[in-house]
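Trainee: Below you will find the structure I want to go over with you.
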Amino acid sequence: MLVLEFKVRAKKHQYTAIDEAIRTAQFIQNKCLLYWMDNKEINKYDLNKYCRVLAHDFDFANRLNSQARQSSAERAWSAISRFYDNCKKKVPGKKGYPVFKKNCRSVEYKTTGWQLDKQTRKAITFTDKKSIGRLRLVGSHDLHFYPVESIKRVRLVRKADGYYCQFILSVDLKIDTEPTGKAIGLDVGLES
């Protein structure tokens with residue numbers, strides 16, 4: 001997996017829409033965690049089904065892309081499964097019981113809900129009902145080098161210095177090296 005990060009340039013109402021999408025993802029993650037606390041015998045797929053119930057009950061959750069909702073449920077299940085694994089391993093001390101998120105900083109989209117600009121690949125358009133729209137990407141990475149099919153997830157992240165868009169790529173990097181059989185030693189003259 002390879003992560004490429006770009007700074008996002010947008011208008012003020014688009015930043016507000018990104019913040020709303022992040023809060024919605026946090027809400028869904030916390031509701032899935034609460035659902036697990038009330039029903040201990042559920043699994044990962046039950047949490048994904050519960051996302052549909054949340055979208056039906058809450059209009060703001062329905063405006064977020066369905067795969068982004070499922071990604072938030074997967075984050076909740078990741079915390080739950082980590083807790084179960086620590087209990088099985090009998091880790092001494094705290095087991096890491098899942099807690100509610102207070103300050104979430106990102107929303108993650110899978111393969112739908114976004115569209116990369118086909119010609120320049122320096123802009124991304126989010127197509128869900130959160131009205132984020134078209135965002136300009138600023139960075140030195142070249143997305144033309146990778147096919148669009150290799151992008152598995154897109155994450156919008158709020159940091160202290162602004163908003164970023166991360167592309168998670170499924171790329172196999174193989175570097176074929178052959179040992180030369182020659183070894184050298186360098187003395188740089190350090191005393192300590």
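Chain identifiers are assigned as A, B, and so on, following the order in which chains appear in the structure tokens; residues are numbered from 1 within each chain, and ligands are numbered from 1 in order of appearance.
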Among stretch 55-93 of chain A, which residues does DSSP mark as helix (DSSP H, G or I) when it is run on the backbone? Keep the chain and numbering as in the structure and answer as number ranges by chain.

Mentor: A: 55-57, 59-62, 66-89

Trainee: Run DSSP on the backbone of this structure and report the residues of stretch 25-178 of chain A it assigns to strand (DSSP E or B), as a PyMOL selection string.

Mentor: chain A and resi 106-109+114-116+123-126+133-138+151-159+162-169

Trainee: Using only C-alpha atoms, which residues sit within 10 Å of A:Tyr15 once same-chain residues fewer than 3 positions away are excluded, as an NGL selection string?

Mentor: :A and (8-12 or 18-21 or 132 or 135 or 158 or 162-163)

Trainee: Only C-alpha atoms, please: the residues just picked out, written as a short mmCIF file (atom, residue, chain, number, x, y, z; two decimals), in the first residue's frame.

Mentor:
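Heads up, here's the output in again_0.cif:
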```
data_model
loop_
_atom_site.label_atom_id
_atom_site.label_comp_id
_atom_site.auth_asym_id
_atom_site.auth_seq_id
_atom_site.Cartn_x
_atom_site.Cartn_y
_atom_site.Cartn_z
CA VAL A 8 -6.63 20.78 -0.77
CA ARG A 9 -7.59 24.21 -2.10
CA ALA A 10 -11.29 25.04 -1.94
CA LYS A 11 -13.82 27.71 -1.05
CA LYS A 12 -15.13 28.40 2.43
CA ILE A 18 -15.88 18.67 4.51
CA ASP A 19 -16.27 19.37 8.23
CA GLU A 20 -19.89 18.21 8.09
CA ALA A 21 -18.84 14.99 6.32
CA ILE A 132 -18.24 19.18 -1.25
CA LEU A 135 -11.41 20.39 -4.93
CA ARG A 158 -8.35 17.98 8.58
CA GLY A 162 -5.35 22.92 6.53
CA TYR A 163 -7.16 20.15 4.69
#
```

Trainee: Quick one: residues within 10 Å of A:Leu64, only C-alpha atoms, excluding same-chain residues fewer than 3 positions away - as a PyMOL selection string?

Mentor: chain A and resi 20-22+24-25+55+59-61+67-69+107+109+113+127-131

Trainee: For the selection you just gave me, I'd like the residues written to a file as an mmCIF file, in the first residue's frame, keeping N, CA, C and O atoms.

Mentor:
```
data_model
loop_
_atom_site.group_PDB
_atom_site.id
_atom_site.type_symbol
_atom_site.label_atom_id
_atom_site.label_comp_id
_atom_site.auth_asym_id
_atom_site.auth_seq_id
_atom_site.Cartn_x
_atom_site.Cartn_y
_atom_site.Cartn_z
ATOM 1 N N GLU A 20 -18.622 18.905 7.842
ATOM 2 C CA GLU A 20 -19.889 18.206 8.085
ATOM 3 C C GLU A 20 -19.763 16.720 7.757
ATOM 4 O O GLU A 20 -20.289 15.867 8.480
ATOM 5 N N ALA A 21 -19.050 16.396 6.677
ATOM 6 C CA ALA A 21 -18.838 14.985 6.323
ATOM 7 C C ALA A 21 -18.010 14.275 7.395
ATOM 8 O O ALA A 21 -18.287 13.125 7.743
ATOM 9 N N ILE A 22 -17.024 14.962 7.953
ATOM 10 C CA ILE A 22 -16.194 14.371 9.014
ATOM 11 C C ILE A 22 -17.038 14.136 10.262
ATOM 12 O O ILE A 22 -16.944 13.083 10.899
ATOM 13 N N THR A 24 -20.253 13.647 10.357
ATOM 14 C CA THR A 24 -21.179 12.554 10.066
ATOM 15 C C THR A 24 -20.476 11.203 10.185
ATOM 16 O O THR A 24 -21.046 10.249 10.731
ATOM 17 N N ALA A 25 -19.240 11.106 9.690
ATOM 18 C CA ALA A 25 -18.478 9.857 9.814
ATOM 19 C C ALA A 25 -18.227 9.527 11.282
ATOM 20 O O ALA A 25 -18.325 8.370 11.696
ATOM 21 N N ALA A 55 -28.838 5.543 7.906
ATOM 22 C CA ALA A 55 -29.137 6.406 6.762
ATOM 23 C C ALA A 55 -30.639 6.619 6.614
ATOM 24 O O ALA A 55 -31.084 7.682 6.187
ATOM 25 N N ASP A 59 -31.339 12.045 8.192
ATOM 26 C CA ASP A 59 -31.175 12.597 6.851
ATOM 27 C C ASP A 59 -29.727 13.007 6.586
ATOM 28 O O ASP A 59 -29.224 12.826 5.485
ATOM 29 N N PHE A 60 -29.041 13.577 7.580
ATOM 30 C CA PHE A 60 -27.654 13.999 7.363
ATOM 31 C C PHE A 60 -26.739 12.798 7.130
ATOM 32 O O PHE A 60 -25.739 12.901 6.425
ATOM 33 N N ALA A 61 -27.071 11.642 7.706
ATOM 34 C CA ALA A 61 -26.284 10.437 7.455
ATOM 35 C C ALA A 61 -26.578 9.888 6.062
ATOM 36 O O ALA A 61 -25.694 9.294 5.430
ATOM 37 N N GLN A 67 -20.606 3.978 0.859
ATOM 38 C CA GLN A 67 -19.338 3.318 1.163
ATOM 39 C C GLN A 67 -18.524 4.102 2.194
ATOM 40 O O GLN A 67 -17.729 3.522 2.923
ATOM 41 N N ALA A 68 -18.733 5.402 2.276
ATOM 42 C CA ALA A 68 -18.087 6.184 3.342
ATOM 43 C C ALA A 68 -18.707 5.829 4.695
ATOM 44 O O ALA A 68 -18.003 5.762 5.710
ATOM 45 N N ARG A 69 -20.009 5.576 4.709
ATOM 46 C CA ARG A 69 -20.658 5.130 5.948
ATOM 47 C C ARG A 69 -20.111 3.758 6.356
ATOM 48 O O ARG A 69 -19.834 3.510 7.535
ATOM 49 N N VAL A 107 -12.576 11.640 6.980
ATOM 50 C CA VAL A 107 -13.644 10.831 6.409
ATOM 51 C C VAL A 107 -13.026 10.078 5.240
ATOM 52 O O VAL A 107 -12.188 10.615 4.510
ATOM 53 N N TYR A 109 -13.505 7.582 1.853
ATOM 54 C CA TYR A 109 -14.345 7.069 0.776
ATOM 55 C C TYR A 109 -13.649 5.871 0.157
ATOM 56 O O TYR A 109 -12.428 5.859 0.029
ATOM 57 N N GLY A 113 -18.161 7.707 -4.846
ATOM 58 C CA GLY A 113 -18.375 8.959 -4.133
ATOM 59 C C GLY A 113 -17.378 10.029 -4.529
ATOM 60 O O GLY A 113 -17.473 11.163 -4.080
ATOM 61 N N THR A 127 -18.985 13.347 -5.277
ATOM 62 C CA THR A 127 -20.306 13.301 -5.896
ATOM 63 C C THR A 127 -21.423 12.952 -4.939
ATOM 64 O O THR A 127 -22.550 12.742 -5.376
ATOM 65 N N ASP A 128 -21.148 12.864 -3.636
ATOM 66 C CA ASP A 128 -22.247 12.559 -2.719
ATOM 67 C C ASP A 128 -23.045 13.834 -2.439
ATOM 68 O O ASP A 128 -22.751 14.900 -2.969
ATOM 69 N N LYS A 129 -24.049 13.729 -1.602
ATOM 70 C CA LYS A 129 -24.976 14.835 -1.374
ATOM 71 C C LYS A 129 -24.491 15.816 -0.314
ATOM 72 O O LYS A 129 -25.229 16.686 0.103
ATOM 73 N N LYS A 130 -23.255 15.714 0.122
ATOM 74 C CA LYS A 130 -22.703 16.650 1.109
ATOM 75 C C LYS A 130 -22.276 17.962 0.466
ATOM 76 O O LYS A 130 -21.853 18.879 1.144
ATOM 77 N N SER A 131 -22.344 18.057 -0.838
ATOM 78 C CA SER A 131 -22.025 19.254 -1.648
ATOM 79 C C SER A 131 -20.594 19.739 -1.412
ATOM 80 O O SER A 131 -20.353 20.936 -1.320
#
```

Trainee: Record the distance separating atom CA of A:Ile151 and atom CA of A:Lys102, expressed in Å with one decimal.

Mentor: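 Those two atoms sit 29.0 Å apart.
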
Trainee: Could you please determine the separation between atom CA of A:Asn39 and atom CA of A:Phe100 in Å, to one decimal place?

Mentor: 16.2 Å

Trainee: With only C-alpha atoms as the counted atoms, please give the residues lying no more than 10 Å from A:Leu137, apart from itself and same-chain residues fewer than 2 positions off, as a list in words.

Mentor: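 Residues meeting the cut-off are Glu5, Phe6, Lys7, Val8, Arg9, Ala10, Arg121, Lys122, Ala123, Ile124, Arg134, Leu135, Gly139, Ser140, Tyr164 and Cys165 of chain A.
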
Trainee: Could those selected residues go to a file with all heavy atoms, as a short mmCIF file (atom, residue, chain, number, x, y, z; two decimals), in the first residue's frame?

Mentor:
```cif
data_model
loop_
_atom_site.label_atom_id
_atom_site.label_comp_id
_atom_site.auth_asym_id
_atom_site.auth_seq_id
_atom_site.Cartn_x
_atom_site.Cartn_y
_atom_site.Cartn_z
N GLU A 5 -0.30 12.11 -0.53
CA GLU A 5 -1.05 13.15 0.14
C GLU A 5 -0.92 14.47 -0.62
O GLU A 5 0.17 14.85 -1.02
CB GLU A 5 -0.54 13.31 1.58
CG GLU A 5 -1.33 14.29 2.40
CD GLU A 5 -0.87 14.32 3.84
OE1 GLU A 5 0.21 14.86 4.10
OE2 GLU A 5 -1.59 13.76 4.68
N PHE A 6 -2.06 15.14 -0.79
CA PHE A 6 -2.11 16.43 -1.47
C PHE A 6 -2.80 17.44 -0.57
O PHE A 6 -3.75 17.11 0.13
CB PHE A 6 -2.91 16.33 -2.78
CG PHE A 6 -2.25 15.48 -3.82
CD1 PHE A 6 -2.51 14.13 -3.88
CD2 PHE A 6 -1.39 16.03 -4.75
CE1 PHE A 6 -1.92 13.34 -4.84
CE2 PHE A 6 -0.80 15.24 -5.71
CZ PHE A 6 -1.07 13.89 -5.76
N LYS A 7 -2.36 18.67 -0.64
CA LYS A 7 -3.05 19.77 0.05
C LYS A 7 -4.28 20.12 -0.78
O LYS A 7 -4.25 20.08 -2.00
CB LYS A 7 -2.11 20.97 0.16
CG LYS A 7 -2.69 22.15 0.86
CD LYS A 7 -2.20 22.22 2.24
CE LYS A 7 -2.67 23.55 2.84
NZ LYS A 7 -2.58 23.55 4.25
N VAL A 8 -5.38 20.48 -0.10
CA VAL A 8 -6.63 20.78 -0.77
C VAL A 8 -6.85 22.28 -0.79
O VAL A 8 -6.71 22.95 0.24
CB VAL A 8 -7.81 20.07 -0.05
CG1 VAL A 8 -9.13 20.58 -0.55
CG2 VAL A 8 -7.71 18.58 -0.24
N ARG A 9 -7.20 22.81 -1.96
CA ARG A 9 -7.59 24.21 -2.10
C ARG A 9 -9.07 24.24 -2.46
O ARG A 9 -9.48 23.61 -3.43
CB ARG A 9 -6.79 24.91 -3.19
CG ARG A 9 -5.31 24.93 -2.93
CD ARG A 9 -4.96 26.02 -1.95
NE ARG A 9 -3.51 26.07 -1.81
CZ ARG A 9 -2.89 26.17 -0.67
NH1 ARG A 9 -3.58 26.23 0.44
NH2 ARG A 9 -1.59 26.21 -0.62
N ALA A 10 -9.85 24.98 -1.69
CA ALA A 10 -11.29 25.04 -1.94
C ALA A 10 -11.83 26.35 -1.42
O ALA A 10 -11.10 27.20 -0.89
CB ALA A 10 -11.99 23.87 -1.25
N ARG A 121 -5.59 15.34 -13.53
CA ARG A 121 -5.46 14.62 -12.26
C ARG A 121 -4.94 15.53 -11.15
O ARG A 121 -4.26 15.10 -10.24
CB ARG A 121 -4.57 13.39 -12.40
CG ARG A 121 -5.20 12.35 -13.28
CD ARG A 121 -4.58 11.02 -13.09
NE ARG A 121 -5.15 10.07 -14.04
CZ ARG A 121 -4.79 8.83 -14.14
NH1 ARG A 121 -3.86 8.35 -13.35
NH2 ARG A 121 -5.35 8.03 -15.01
N LYS A 122 -5.28 16.80 -11.24
CA LYS A 122 -4.94 17.77 -10.20
C LYS A 122 -6.19 18.30 -9.53
O LYS A 122 -6.15 19.33 -8.86
CB LYS A 122 -4.14 18.93 -10.81
CG LYS A 122 -2.74 18.55 -11.22
CD LYS A 122 -1.90 18.29 -10.01
CE LYS A 122 -0.46 17.98 -10.39
NZ LYS A 122 0.36 17.70 -9.22
N ALA A 123 -7.31 17.62 -9.72
CA ALA A 123 -8.57 18.01 -9.07
C ALA A 123 -9.39 16.75 -8.83
O ALA A 123 -9.27 15.76 -9.57
CB ALA A 123 -9.35 18.99 -9.94
N ILE A 124 -10.19 16.79 -7.79
CA ILE A 124 -11.07 15.68 -7.45
C ILE A 124 -12.45 16.24 -7.16
O ILE A 124 -12.58 17.31 -6.56
CB ILE A 124 -10.51 14.86 -6.26
CG1 ILE A 124 -11.33 13.60 -6.03
CG2 ILE A 124 -10.40 15.70 -5.02
CD1 ILE A 124 -10.70 12.62 -5.06
N ARG A 134 -15.94 20.12 -6.31
CA ARG A 134 -14.62 19.97 -6.93
C ARG A 134 -13.56 20.65 -6.06
O ARG A 134 -13.67 21.82 -5.72
CB ARG A 134 -14.64 20.59 -8.32
CG ARG A 134 -13.36 20.48 -9.08
CD ARG A 134 -13.54 21.16 -10.45
NE ARG A 134 -12.28 21.31 -11.14
CZ ARG A 134 -11.79 20.43 -11.99
NH1 ARG A 134 -12.47 19.34 -12.25
NH2 ARG A 134 -10.64 20.64 -12.59
N LEU A 135 -12.51 19.89 -5.74
CA LEU A 135 -11.41 20.39 -4.93
C LEU A 135 -10.13 20.35 -5.75
O LEU A 135 -9.88 19.38 -6.48
CB LEU A 135 -11.22 19.53 -3.67
CG LEU A 135 -12.41 19.37 -2.74
CD1 LEU A 135 -12.09 18.38 -1.64
CD2 LEU A 135 -12.81 20.70 -2.16
N GLY A 139 0.30 19.58 -4.87
CA GLY A 139 1.35 18.69 -4.38
C GLY A 139 2.30 18.32 -5.50
O GLY A 139 2.05 18.61 -6.68
N SER A 140 3.37 17.66 -5.15
CA SER A 140 4.39 17.32 -6.14
C SER A 140 4.27 15.89 -6.66
O SER A 140 5.01 15.50 -7.55
CB SER A 140 5.79 17.53 -5.54
OG SER A 140 5.95 16.69 -4.42
N TYR A 164 -6.32 18.10 3.75
CA TYR A 164 -5.51 17.28 2.86
C TYR A 164 -6.37 16.16 2.27
O TYR A 164 -7.35 15.73 2.89
CB TYR A 164 -4.33 16.66 3.60
CG TYR A 164 -3.28 17.67 3.99
CD1 TYR A 164 -3.39 18.39 5.17
CD2 TYR A 164 -2.19 17.91 3.16
CE1 TYR A 164 -2.44 19.33 5.51
CE2 TYR A 164 -1.24 18.84 3.50
CZ TYR A 164 -1.36 19.55 4.68
OH TYR A 164 -0.42 20.48 5.02
N CYS A 165 -5.97 15.70 1.10
CA CYS A 165 -6.62 14.56 0.46
C CYS A 165 -5.55 13.48 0.30
O CYS A 165 -4.50 13.72 -0.30
CB CYS A 165 -7.18 14.97 -0.90
SG CYS A 165 -8.08 13.66 -1.74
#
```

Trainee: In terms of the shortest atom-to-atom distance over only C-alpha atoms, which of A:Ile42, A:Cys104, A:Leu116, A:Leu173 is closest to A:Val154?

Mentor: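 Residue with the minimum atom-to-atom distance to A:Val154: A:Leu116.
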
Trainee: Excluding A:Gln29 and its own-chain neighbours fewer than 6 positions away, which residues fall within 12 Å of it when counting only C-alpha atoms? Please give them as a ChimeraX atom specification.

Mentor: /A:22-23,35-36,47-48,50-51,54,61,68-80,98-104,106-108

Trainee: Which is closer to A:Thr125 than all the others in A:Arg52, A:Glu149, A:Met1, A:Gln14, using only C-alpha atoms?

Mentor: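 Smallest distance to A:Thr125 is found for A:Gln14.
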
Trainee: Measure the distance from atom CA of A:Phe145 to atom CA of A:Asp176 in Å and round it to one decimal.

Mentor: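 Taking atom CA of A:Phe145 and atom CA of A:Asp176, their separation equals 19.9 Å.
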